[in-house]
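Data file: my_file-v8.pdb. Format and content: PDB, C-alpha atoms, pLDDT in the B column.
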```
ATOM      1  CA  MET E   1      57.578 139.971  57.191  1.00 54.00           C
ATOM      2  CA  ALA E   2      59.697 138.123  59.704  1.00 52.00           C
ATOM      3  CA  GLU E   3      56.793 135.739  60.327  1.00 53.00           C
ATOM      4  CA  GLN E   4      56.595 134.885  56.650  1.00 56.00           C
ATOM      5  CA  GLY E   5      60.236 133.776  56.537  1.00 54.00           C
ATOM      6  CA  GLY E   6      59.435 130.981  58.958  1.00 55.00           C
ATOM      7  CA  GLY E   7      61.768 132.226  61.660  1.00 54.00           C
ATOM      8  CA  GLY E   8      59.152 133.421  64.149  1.00 55.00           C
ATOM      9  CA  ASP E   9      60.885 135.422  66.879  1.00 59.00           C
ATOM     10  CA  ARG E  10      64.318 134.518  65.534  1.00 56.00           C
ATOM     11  CA  GLY E  11      64.674 137.439  63.162  1.00 58.00           C
ATOM     12  CA  GLY E  12      63.392 135.619  60.101  1.00 60.00           C
ATOM     13  CA  PHE E  13      66.396 133.315  59.830  1.00 55.00           C
ATOM     14  CA  PRO E  14      66.127 129.547  60.131  1.00 63.00           C
ATOM     15  CA  GLY E  15      68.960 129.256  62.670  1.00 59.00           C
ATOM     16  CA  GLY E  16      68.121 132.537  64.327  1.00 57.00           C
ATOM     17  CA  PHE E  17      70.360 134.909  66.173  1.00 55.00           C
ATOM     18  CA  GLY E  18      71.129 134.652  69.817  1.00 57.00           C
ATOM     19  CA  GLY E  19      69.381 132.884  72.492  1.00 55.00           C
ATOM     20  CA  GLY E  20      65.900 131.521  72.315  1.00 55.00           C
ATOM     21  CA  GLU E  21      65.023 128.469  74.257  1.00 55.00           C
ATOM     22  CA  GLY E  22      65.124 126.340  71.140  1.00 54.00           C
ATOM     23  CA  GLY E  23      68.885 125.824  71.224  1.00 52.00           C
ATOM     24  CA  GLY E  24      69.008 125.791  67.432  1.00 54.00           C
ATOM     25  CA  GLY E  25      71.503 128.643  67.295  1.00 54.00           C
ATOM     26  CA  ARG E  26      75.209 128.482  67.773  1.00 55.00           C
ATOM     27  CA  GLY E  27      75.358 130.918  70.673  1.00 56.00           C
ATOM     28  CA  ARG E  28      76.813 130.256  74.081  1.00 56.00           C
ATOM     29  CA  GLY E  29      76.053 127.030  75.835  1.00 56.00           C
ATOM     30  CA  GLY E  30      73.453 124.846  74.270  1.00 55.00           C
ATOM     31  CA  GLY E  31      74.045 121.404  72.996  1.00 55.00           C
ATOM     32  CA  GLY E  32      75.804 122.220  69.754  1.00 55.00           C
ATOM     33  CA  ARG E  33      79.322 121.333  68.797  1.00 57.00           C
ATOM     34  CA  GLY E  34      81.886 121.831  71.500  1.00 55.00           C
ATOM     35  CA  GLY E  35      79.446 121.634  74.354  1.00 52.00           C
ATOM     36  CA  GLY E  36      79.507 124.713  76.536  1.00 54.00           C
ATOM     37  CA  ARG E  37      79.857 125.537  80.168  1.00 54.00           C
ATOM     38  CA  ASP E  38      77.339 122.973  81.373  1.00 54.00           C
ATOM     39  CA  ARG E  39      79.018 119.946  79.844  1.00 53.00           C
ATOM     40  CA  LYS E  40      80.411 117.163  82.000  1.00 54.00           C
ATOM     41  CA  PRO E  41      84.158 117.245  82.671  1.00 54.00           C
ATOM     42  CA  ARG E  42      86.228 114.942  80.498  1.00 55.00           C
ATOM     43  CA  ARG E  43      88.093 113.408  83.407  1.00 52.00           C
ATOM     44  CA  GLY E  44      85.867 113.087  86.422  1.00 49.00           C
ATOM     45  CA  ALA E  45      87.189 112.336  89.884  1.00 48.00           C
ATOM     46  CA  GLU E  46      85.241 109.101  90.024  1.00 50.00           C
ATOM     47  CA  GLU E  47      86.681 107.900  86.719  1.00 50.00           C
ATOM     48  CA  SER E  48      90.321 108.329  87.759  1.00 60.00           C
ATOM     49  CA  LYS E  49      89.885 106.368  91.010  1.00 77.00           C
ATOM     50  CA  GLU E  50      88.917 103.076  89.344  1.00 87.00           C
ATOM     51  CA  TRP E  51      91.893 101.292  87.804  1.00 89.00           C
ATOM     52  CA  VAL E  52      91.229  99.460  84.541  1.00 93.00           C
ATOM     53  CA  PRO E  53      94.316  97.327  83.757  1.00 93.00           C
ATOM     54  CA  VAL E  54      95.613  97.335  80.187  1.00 95.00           C
ATOM     55  CA  THR E  55      98.386  94.729  80.479  1.00 94.00           C
ATOM     56  CA  LYS E  56      98.145  91.028  81.216  1.00 95.00           C
ATOM     57  CA  LEU E  57     100.185  91.509  84.400  1.00 95.00           C
ATOM     58  CA  GLY E  58      97.792  94.223  85.538  1.00 94.00           C
ATOM     59  CA  ARG E  59      94.775  91.976  84.951  1.00 95.00           C
ATOM     60  CA  LEU E  60      96.425  89.156  86.944  1.00 95.00           C
ATOM     61  CA  VAL E  61      97.219  91.527  89.821  1.00 94.00           C
ATOM     62  CA  LYS E  62      93.705  92.964  89.925  1.00 93.00           C
ATOM     63  CA  ALA E  63      92.190  89.476  89.830  1.00 93.00           C
ATOM     64  CA  GLY E  64      94.343  88.470  92.819  1.00 92.00           C
ATOM     65  CA  LYS E  65      96.339  85.779  90.984  1.00 94.00           C
ATOM     66  CA  ILE E  66      99.634  87.437  92.045  1.00 93.00           C
ATOM     67  CA  SER E  67      99.931  87.839  95.794  1.00 92.00           C
ATOM     68  CA  SER E  68     103.124  89.902  96.185  1.00 92.00           C
ATOM     69  CA  ILE E  69     105.454  92.127  94.195  1.00 93.00           C
ATOM     70  CA  GLU E  70     108.294  89.661  94.868  1.00 94.00           C
ATOM     71  CA  GLN E  71     106.638  87.202  92.458  1.00 94.00           C
ATOM     72  CA  ILE E  72     106.914  89.841  89.726  1.00 95.00           C
ATOM     73  CA  PHE E  73     110.598  90.456  90.518  1.00 94.00           C
ATOM     74  CA  LEU E  74     111.302  86.712  90.658  1.00 95.00           C
ATOM     75  CA  PHE E  75     110.352  86.244  86.991  1.00 94.00           C
ATOM     76  CA  SER E  76     111.754  89.649  85.859  1.00 93.00           C
ATOM     77  CA  ILE E  77     108.413  90.783  84.451  1.00 94.00           C
ATOM     78  CA  PRO E  78     108.514  94.459  83.413  1.00 95.00           C
ATOM     79  CA  ILE E  79     105.983  96.637  85.255  1.00 95.00           C
ATOM     80  CA  LYS E  80     104.237  98.932  82.762  1.00 95.00           C
ATOM     81  CA  GLU E  81     101.479 100.277  85.032  1.00 94.00           C
ATOM     82  CA  TYR E  82     102.236 102.240  88.185  1.00 94.00           C
ATOM     83  CA  GLN E  83      98.941 101.065  89.733  1.00 94.00           C
ATOM     84  CA  ILE E  84     100.505  97.596  90.158  1.00 95.00           C
ATOM     85  CA  VAL E  85     103.065  99.083  92.567  1.00 94.00           C
ATOM     86  CA  ASP E  86     100.303 101.047  94.308  1.00 93.00           C
ATOM     87  CA  HIS E  87      98.322  97.823  94.707  1.00 93.00           C
ATOM     88  CA  PHE E  88     101.115  96.056  96.596  1.00 93.00           C
ATOM     89  CA  LEU E  89     103.006  98.896  98.315  1.00 92.00           C
ATOM     90  CA  GLY E  90     100.465 101.730  98.216  1.00 86.00           C
ATOM     91  CA  LYS E  91     100.136 102.630 101.904  1.00 89.00           C
ATOM     92  CA  SER E  92     103.811 102.204 102.799  1.00 92.00           C
ATOM     93  CA  LEU E  93     105.267 104.147  99.833  1.00 93.00           C
ATOM     94  CA  THR E  94     106.866 107.512 100.519  1.00 95.00           C
ATOM     95  CA  ASP E  95     108.306 109.836  97.898  1.00 93.00           C
ATOM     96  CA  GLU E  96     110.950 112.518  98.167  1.00 96.00           C
ATOM     97  CA  VAL E  97     111.809 115.173  95.607  1.00 96.00           C
ATOM     98  CA  LEU E  98     115.596 115.186  95.306  1.00 96.00           C
ATOM     99  CA  LYS E  99     116.046 118.060  92.884  1.00 96.00           C
ATOM    100  CA  ILE E 100     114.146 120.353  90.540  1.00 97.00           C
ATOM    101  CA  MET E 101     116.299 121.983  87.899  1.00 97.00           C
ATOM    102  CA  PRO E 102     115.424 124.199  84.945  1.00 96.00           C
ATOM    103  CA  VAL E 103     116.623 122.971  81.558  1.00 96.00           C
ATOM    104  CA  GLN E 104     116.634 125.075  78.411  1.00 95.00           C
ATOM    105  CA  LYS E 105     116.458 124.376  74.717  1.00 95.00           C
ATOM    106  CA  GLN E 106     117.628 126.986  72.244  1.00 94.00           C
ATOM    107  CA  THR E 107     115.057 127.764  69.564  1.00 94.00           C
ATOM    108  CA  ARG E 108     114.831 130.389  66.849  1.00 95.00           C
ATOM    109  CA  ALA E 109     112.584 132.501  69.050  1.00 92.00           C
ATOM    110  CA  GLY E 110     114.875 132.244  72.079  1.00 94.00           C
ATOM    111  CA  GLN E 111     115.045 129.718  74.888  1.00 94.00           C
ATOM    112  CA  ARG E 112     112.362 127.277  75.878  1.00 95.00           C
ATOM    113  CA  THR E 113     112.573 126.573  79.614  1.00 96.00           C
ATOM    114  CA  ARG E 114     111.273 123.348  81.118  1.00 97.00           C
ATOM    115  CA  PHE E 115     111.644 121.871  84.594  1.00 97.00           C
ATOM    116  CA  LYS E 116     113.300 118.542  85.315  1.00 97.00           C
ATOM    117  CA  ALA E 117     112.329 116.726  88.525  1.00 97.00           C
ATOM    118  CA  PHE E 118     114.207 113.903  90.244  1.00 97.00           C
ATOM    119  CA  VAL E 119     112.043 111.874  92.643  1.00 96.00           C
ATOM    120  CA  VAL E 120     112.907 108.792  94.706  1.00 97.00           C
ATOM    121  CA  VAL E 121     110.147 106.543  96.033  1.00 96.00           C
ATOM    122  CA  GLY E 122     110.445 103.668  98.515  1.00 94.00           C
ATOM    123  CA  ASP E 123     108.709 101.783 101.291  1.00 92.00           C
ATOM    124  CA  GLY E 124     111.618 101.634 103.778  1.00 88.00           C
ATOM    125  CA  ASN E 125     111.501  97.849 103.577  1.00 89.00           C
ATOM    126  CA  GLY E 126     113.664  96.809 100.654  1.00 90.00           C
ATOM    127  CA  HIS E 127     112.010  98.545  97.654  1.00 93.00           C
ATOM    128  CA  VAL E 128     113.267 101.741  96.026  1.00 94.00           C
ATOM    129  CA  GLY E 129     112.865 103.488  92.675  1.00 96.00           C
ATOM    130  CA  LEU E 130     114.236 106.629  91.016  1.00 95.00           C
ATOM    131  CA  GLY E 131     112.280 108.636  88.453  1.00 96.00           C
ATOM    132  CA  VAL E 132     113.184 111.609  86.253  1.00 97.00           C
ATOM    133  CA  LYS E 133     110.681 113.683  84.293  1.00 97.00           C
ATOM    134  CA  SER E 134     110.814 116.981  82.436  1.00 97.00           C
ATOM    135  CA  ALA E 135     107.741 119.173  81.862  1.00 97.00           C
ATOM    136  CA  LYS E 136     106.679 122.785  81.309  1.00 96.00           C
ATOM    137  CA  GLU E 137     105.386 123.104  84.873  1.00 96.00           C
ATOM    138  CA  VAL E 138     106.972 121.962  88.137  1.00 96.00           C
ATOM    139  CA  ALA E 139     103.880 120.148  89.429  1.00 96.00           C
ATOM    140  CA  THR E 140     103.492 118.184  86.191  1.00 97.00           C
ATOM    141  CA  ALA E 141     107.186 117.235  86.267  1.00 97.00           C
ATOM    142  CA  ILE E 142     106.934 116.003  89.875  1.00 96.00           C
ATOM    143  CA  ARG E 143     103.783 113.987  89.114  1.00 96.00           C
ATOM    144  CA  GLY E 144     105.430 112.367  86.095  1.00 96.00           C
ATOM    145  CA  ALA E 145     108.625 111.648  88.052  1.00 96.00           C
ATOM    146  CA  ILE E 146     106.625 109.913  90.808  1.00 96.00           C
ATOM    147  CA  ILE E 147     104.971 107.667  88.208  1.00 96.00           C
ATOM    148  CA  ALA E 148     108.349 106.989  86.545  1.00 97.00           C
ATOM    149  CA  SER E 149     109.916 106.081  89.902  1.00 96.00           C
ATOM    150  CA  LYS E 150     107.088 103.642  90.660  1.00 95.00           C
ATOM    151  CA  LEU E 151     107.661 101.957  87.307  1.00 96.00           C
ATOM    152  CA  ALA E 152     111.406 101.744  88.026  1.00 95.00           C
ATOM    153  CA  ILE E 153     111.066 100.252  91.519  1.00 95.00           C
ATOM    154  CA  VAL E 154     113.549  97.465  92.328  1.00 94.00           C
ATOM    155  CA  PRO E 155     114.158  95.195  95.320  1.00 93.00           C
ATOM    156  CA  VAL E 156     117.179  95.967  97.493  1.00 91.00           C
ATOM    157  CA  ARG E 157     119.172  93.010  98.812  1.00 91.00           C
ATOM    158  CA  ARG E 158     120.020  93.512 102.461  1.00 90.00           C
ATOM    159  CA  GLY E 159     122.580  91.915 104.755  1.00 90.00           C
ATOM    160  CA  TYR E 160     124.395  92.286 108.070  1.00 89.00           C
ATOM    161  CA  TRP E 161     127.311  94.160 109.558  1.00 88.00           C
ATOM    162  CA  GLY E 162     129.248  91.835 111.794  1.00 85.00           C
ATOM    163  CA  ASN E 163     127.306  88.939 113.306  1.00 86.00           C
ATOM    164  CA  LYS E 164     123.998  87.742 111.926  1.00 86.00           C
ATOM    165  CA  ILE E 165     121.875  88.962 114.806  1.00 84.00           C
ATOM    166  CA  GLY E 166     118.327  90.130 114.225  1.00 86.00           C
ATOM    167  CA  ASP E 167     116.878  91.140 110.860  1.00 87.00           C
ATOM    168  CA  PRO E 168     119.036  92.173 107.875  1.00 89.00           C
ATOM    169  CA  HIS E 169     119.608  95.896 108.228  1.00 86.00           C
ATOM    170  CA  THR E 170     122.200  97.108 105.710  1.00 89.00           C
ATOM    171  CA  VAL E 171     123.784  96.421 102.312  1.00 88.00           C
ATOM    172  CA  PRO E 172     125.248  92.904 102.055  1.00 89.00           C
ATOM    173  CA  CYS E 173     128.690  93.998 100.798  1.00 91.00           C
ATOM    174  CA  LYS E 174     130.579  97.086  99.644  1.00 93.00           C
ATOM    175  CA  VAL E 175     128.440  98.592  96.872  1.00 92.00           C
ATOM    176  CA  THR E 176     130.004 100.838  94.222  1.00 95.00           C
ATOM    177  CA  GLY E 177     128.140 103.017  91.743  1.00 93.00           C
ATOM    178  CA  LYS E 178     129.449 105.351  89.059  1.00 95.00           C
ATOM    179  CA  CYS E 179     127.749 108.012  86.959  1.00 90.00           C
ATOM    180  CA  GLY E 180     129.896 110.256  84.807  1.00 95.00           C
ATOM    181  CA  SER E 181     132.928 111.266  86.843  1.00 97.00           C
ATOM    182  CA  VAL E 182     131.249 110.679  90.213  1.00 96.00           C
ATOM    183  CA  SER E 183     131.944 107.383  91.966  1.00 97.00           C
ATOM    184  CA  LEU E 184     130.020 106.381  95.087  1.00 95.00           C
ATOM    185  CA  ARG E 185     131.017 103.604  97.484  1.00 96.00           C
ATOM    186  CA  LEU E 186     128.712 102.298 100.226  1.00 92.00           C
ATOM    187  CA  PRO E 187     130.329 100.109 102.882  1.00 93.00           C
ATOM    188  CA  ALA E 188     128.114  98.191 105.287  1.00 89.00           C
ATOM    189  CA  PRO E 189     127.571 100.288 108.451  1.00 88.00           C
ATOM    190  CA  PRO E 190     126.737  98.962 111.923  1.00 86.00           C
ATOM    191  CA  PRO E 191     123.077  99.083 113.006  1.00 82.00           C
ATOM    192  CA  GLY E 192     121.896 102.287 114.626  1.00 78.00           C
ATOM    193  CA  PRO E 193     120.332 102.615 118.092  1.00 74.00           C
TER     194      PRO E 193
END
```
I need this file expressed as structure tokens, please.
Amino acid sequence: MAEQGGGGDRGGFPGGFGGGEGGGGRGRGGGGRGGGRDRKPRRGAEESKEWVPVTKLGRLVKAGKISSIEQIFLFSIPIKEYQIVDHFLGKSLTDEVLKIMPVQKQTRAGQRTRFKAFVVVGDGNGHVGLGVKSAKEVATAIRGAIIASKLAIVPVRRGYWGNKIGDPHTVPCKVTGKCGSVSLRLPAPPPGP
């Protein structure tokens, strides 16, 4: 009777139950909707390595029309892709996590805790950037803060303490910064040993 229904060894149903080799069913794996365990990963390692620029500045940098990051700073062009900074300063960039703090939002069900990361990135040669990012996990927050700090990188003007001997080594004048009630003042120090 099952053979008369046209299902063969599939229990007499057109789609069948379970696994034959036909793959017509909706069981595990197979090529139906949603893929299965054997599908290719959405973000492969080889895909993330190749940078495809999406801004005009990124296309100019990748084509080699812009030779240094100073040309970008000279015309005050906003950097929207962190790969531009990696292209110019990639090997010399170092990052340091300044602080990771939990932040909470009150909801009806209680508190929702997220982690806020503060990361500074620089090359030790006149370029520095600060990034802040909040995420559910610490690693995601640090990764996002590193990208944000690369996008916020700025050139640092340097000067001398005392006589103009050798390369510029310190801030050119007394620098003052203020955030909230905290005021910070950086005088020019003498060069170290």
Check what the PyMOL selection byres ((chain E and resi 143-151) around 9) selects in the file above and give those residues as a short mmCIF file (atom, residue, chain, number, x, y, z; two decimals) with C-alpha atoms, in the frame of the given file.
```cif
data_model
loop_
_atom_site.label_atom_id
_atom_site.label_comp_id
_atom_site.auth_asym_id
_atom_site.auth_seq_id
_atom_site.Cartn_x
_atom_site.Cartn_y
_atom_site.Cartn_z
CA PRO E 78 108.51 94.46 83.41
CA ILE E 79 105.98 96.64 85.26
CA LYS E 80 104.24 98.93 82.76
CA GLU E 81 101.48 100.28 85.03
CA TYR E 82 102.24 102.24 88.18
CA GLN E 83 98.94 101.06 89.73
CA ILE E 84 100.50 97.60 90.16
CA VAL E 85 103.06 99.08 92.57
CA ASP E 86 100.30 101.05 94.31
CA ASP E 95 108.31 109.84 97.90
CA GLU E 96 110.95 112.52 98.17
CA VAL E 97 111.81 115.17 95.61
CA LYS E 116 113.30 118.54 85.32
CA ALA E 117 112.33 116.73 88.52
CA PHE E 118 114.21 113.90 90.24
CA VAL E 119 112.04 111.87 92.64
CA VAL E 120 112.91 108.79 94.71
CA VAL E 121 110.15 106.54 96.03
CA GLY E 122 110.44 103.67 98.52
CA VAL E 128 113.27 101.74 96.03
CA GLY E 129 112.86 103.49 92.68
CA LEU E 130 114.24 106.63 91.02
CA GLY E 131 112.28 108.64 88.45
CA VAL E 132 113.18 111.61 86.25
CA LYS E 133 110.68 113.68 84.29
CA SER E 134 110.81 116.98 82.44
CA ALA E 135 107.74 119.17 81.86
CA VAL E 138 106.97 121.96 88.14
CA ALA E 139 103.88 120.15 89.43
CA THR E 140 103.49 118.18 86.19
CA ALA E 141 107.19 117.24 86.27
CA ILE E 142 106.93 116.00 89.88
CA ALA E 152 111.41 101.74 88.03
CA ILE E 153 111.07 100.25 91.52
CA VAL E 154 113.55 97.46 92.33
#
```
Item to check | Interatomic distance (Å, one decimal) between CA of Met101 (chain E) and CA of Asp123 (chain E) | outcome: 25.4 Å
Checklist entry - Just so the selection is clear, what residues does the PyMOL selection byres ((chain E and resi 190) around 10) cover here, as a PyMOL selection string? => result chain E and resi 160-162+169-170+187-189+191-193
Can you spit out the residues from that selection as a PDB file, in the frame of the given file, using C-alpha atoms?
```
ATOM      1  CA  TYR E 160     124.395  92.286 108.070  1.00 89.00           C
ATOM      2  CA  TRP E 161     127.311  94.160 109.558  1.00 88.00           C
ATOM      3  CA  GLY E 162     129.248  91.835 111.794  1.00 85.00           C
ATOM      4  CA  HIS E 169     119.608  95.896 108.228  1.00 86.00           C
ATOM      5  CA  THR E 170     122.200  97.108 105.710  1.00 89.00           C
ATOM      6  CA  PRO E 187     130.329 100.109 102.882  1.00 93.00           C
ATOM      7  CA  ALA E 188     128.114  98.191 105.287  1.00 89.00           C
ATOM      8  CA  PRO E 189     127.571 100.288 108.451  1.00 88.00           C
ATOM      9  CA  PRO E 191     123.077  99.083 113.006  1.00 82.00           C
ATOM     10  CA  GLY E 192     121.896 102.287 114.626  1.00 78.00           C
ATOM     11  CA  PRO E 193     120.332 102.615 118.092  1.00 74.00           C
TER      12      PRO E 193
END
```
Item to check | Atomic separation - CA of Val175 (chain E) relative to CA of Leu98 (chain E), Å | outcome: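 The value is 21.0 Å.
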Next on the checklist: Starting from the PyMOL selection byres ((chain E and resi 53) around 12), expand the selection into actual residues of this file and give them as number ranges by chain.
Outcome noted: E: 50-52, 54-63, 79-84, 87
Next on the checklist: Quick check, in Å to one decimal: how far apart do CA of His127 (chain E) and CA of Glu70 (chain E) lie?
Outcome noted: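 Separation between CA of His127 (chain E) and CA of Glu70 (chain E): 10.0 Å.
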Checklist entry - From the list E:Gln104, E:Lys164, E:Phe88, E:Arg114, which residue is nearest Ser67 (chain E) when using all atoms listed in the file? => result E:Phe88
Could you put an axis-aligned box around every listed atom of region 61-72 of chain E, padded by 6 Å on each side, and send me its centre and edge lengths in Å to one decimal, as AutoDock Vina command-line options?
```
--center_x 100.2 --center_y 89.4 --center_z 93.0 --size_x 28.1 --size_y 19.2 --size_z 18.5
```
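Of the listed residues E:Val103, E:Phe73, E:Leu89, E:Leu186, the one whose atoms come nearest to Pro155 (chain E) is E:Phe73, with distances taken using all atoms listed in the file.
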When you get a chance, write out N, CA and C atoms for region 149-166 of chain E, as an mmCIF file, keeping the file's coordinate frame.
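The resulting file, result.cif, is reproduced below:
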```cif
data_model
loop_
_atom_site.group_PDB
_atom_site.id
_atom_site.type_symbol
_atom_site.label_atom_id
_atom_site.label_comp_id
_atom_site.auth_asym_id
_atom_site.auth_seq_id
_atom_site.Cartn_x
_atom_site.Cartn_y
_atom_site.Cartn_z
ATOM 1 N N SER E 149 109.187 106.774 88.835
ATOM 2 C CA SER E 149 109.916 106.081 89.902
ATOM 3 C C SER E 149 109.177 104.834 90.352
ATOM 4 N N LYS E 150 107.842 104.849 90.305
ATOM 5 C CA LYS E 150 107.088 103.642 90.660
ATOM 6 C C LYS E 150 107.295 102.546 89.620
ATOM 7 N N LEU E 151 107.426 102.943 88.361
ATOM 8 C CA LEU E 151 107.661 101.957 87.307
ATOM 9 C C LEU E 151 109.081 101.392 87.368
ATOM 10 N N ALA E 152 110.006 102.166 87.971
ATOM 11 C CA ALA E 152 111.406 101.744 88.026
ATOM 12 C C ALA E 152 111.770 101.144 89.376
ATOM 13 N N ILE E 153 110.785 100.747 90.169
ATOM 14 C CA ILE E 153 111.066 100.252 91.519
ATOM 15 C C ILE E 153 111.761 98.893 91.439
ATOM 16 N N VAL E 154 112.761 98.702 92.307
ATOM 17 C CA VAL E 154 113.549 97.465 92.328
ATOM 18 C C VAL E 154 113.689 96.992 93.771
ATOM 19 N N PRO E 155 113.902 95.677 93.962
ATOM 20 C CA PRO E 155 114.158 95.195 95.320
ATOM 21 C C PRO E 155 115.615 95.439 95.709
ATOM 22 N N VAL E 156 115.829 95.731 96.983
ATOM 23 C CA VAL E 156 117.179 95.967 97.493
ATOM 24 C C VAL E 156 117.566 94.774 98.365
ATOM 25 N N ARG E 157 118.685 94.128 98.011
ATOM 26 C CA ARG E 157 119.172 93.010 98.812
ATOM 27 C C ARG E 157 119.835 93.567 100.060
ATOM 28 N N ARG E 158 119.484 93.007 101.200
ATOM 29 C CA ARG E 158 120.020 93.512 102.461
ATOM 30 C C ARG E 158 120.806 92.427 103.178
ATOM 31 N N GLY E 159 121.722 92.852 104.025
ATOM 32 C CA GLY E 159 122.580 91.915 104.755
ATOM 33 C C GLY E 159 122.888 92.434 106.149
ATOM 34 N N TYR E 160 124.027 91.983 106.687
ATOM 35 C CA TYR E 160 124.395 92.286 108.070
ATOM 36 C C TYR E 160 125.744 92.975 108.115
ATOM 37 N N TRP E 161 125.980 93.685 109.211
ATOM 38 C CA TRP E 161 127.311 94.160 109.558
ATOM 39 C C TRP E 161 127.737 93.358 110.786
ATOM 40 N N GLY E 162 128.805 92.646 110.660
ATOM 41 C CA GLY E 162 129.248 91.835 111.794
ATOM 42 C C GLY E 162 128.464 90.539 111.887
ATOM 43 N N ASN E 163 128.023 90.197 113.085
ATOM 44 C CA ASN E 163 127.306 88.939 113.306
ATOM 45 C C ASN E 163 125.881 89.000 112.773
ATOM 46 N N LYS E 164 125.356 87.824 112.452
ATOM 47 C CA LYS E 164 123.998 87.742 111.926
ATOM 48 C C LYS E 164 123.006 87.692 113.082
ATOM 49 N N ILE E 165 122.793 88.838 113.677
ATOM 50 C CA ILE E 165 121.875 88.962 114.806
ATOM 51 C C ILE E 165 120.713 89.849 114.375
ATOM 52 N N GLY E 166 119.504 89.344 114.582
ATOM 53 C CA GLY E 166 118.327 90.130 114.225
ATOM 54 C C GLY E 166 118.039 90.086 112.729
#
```
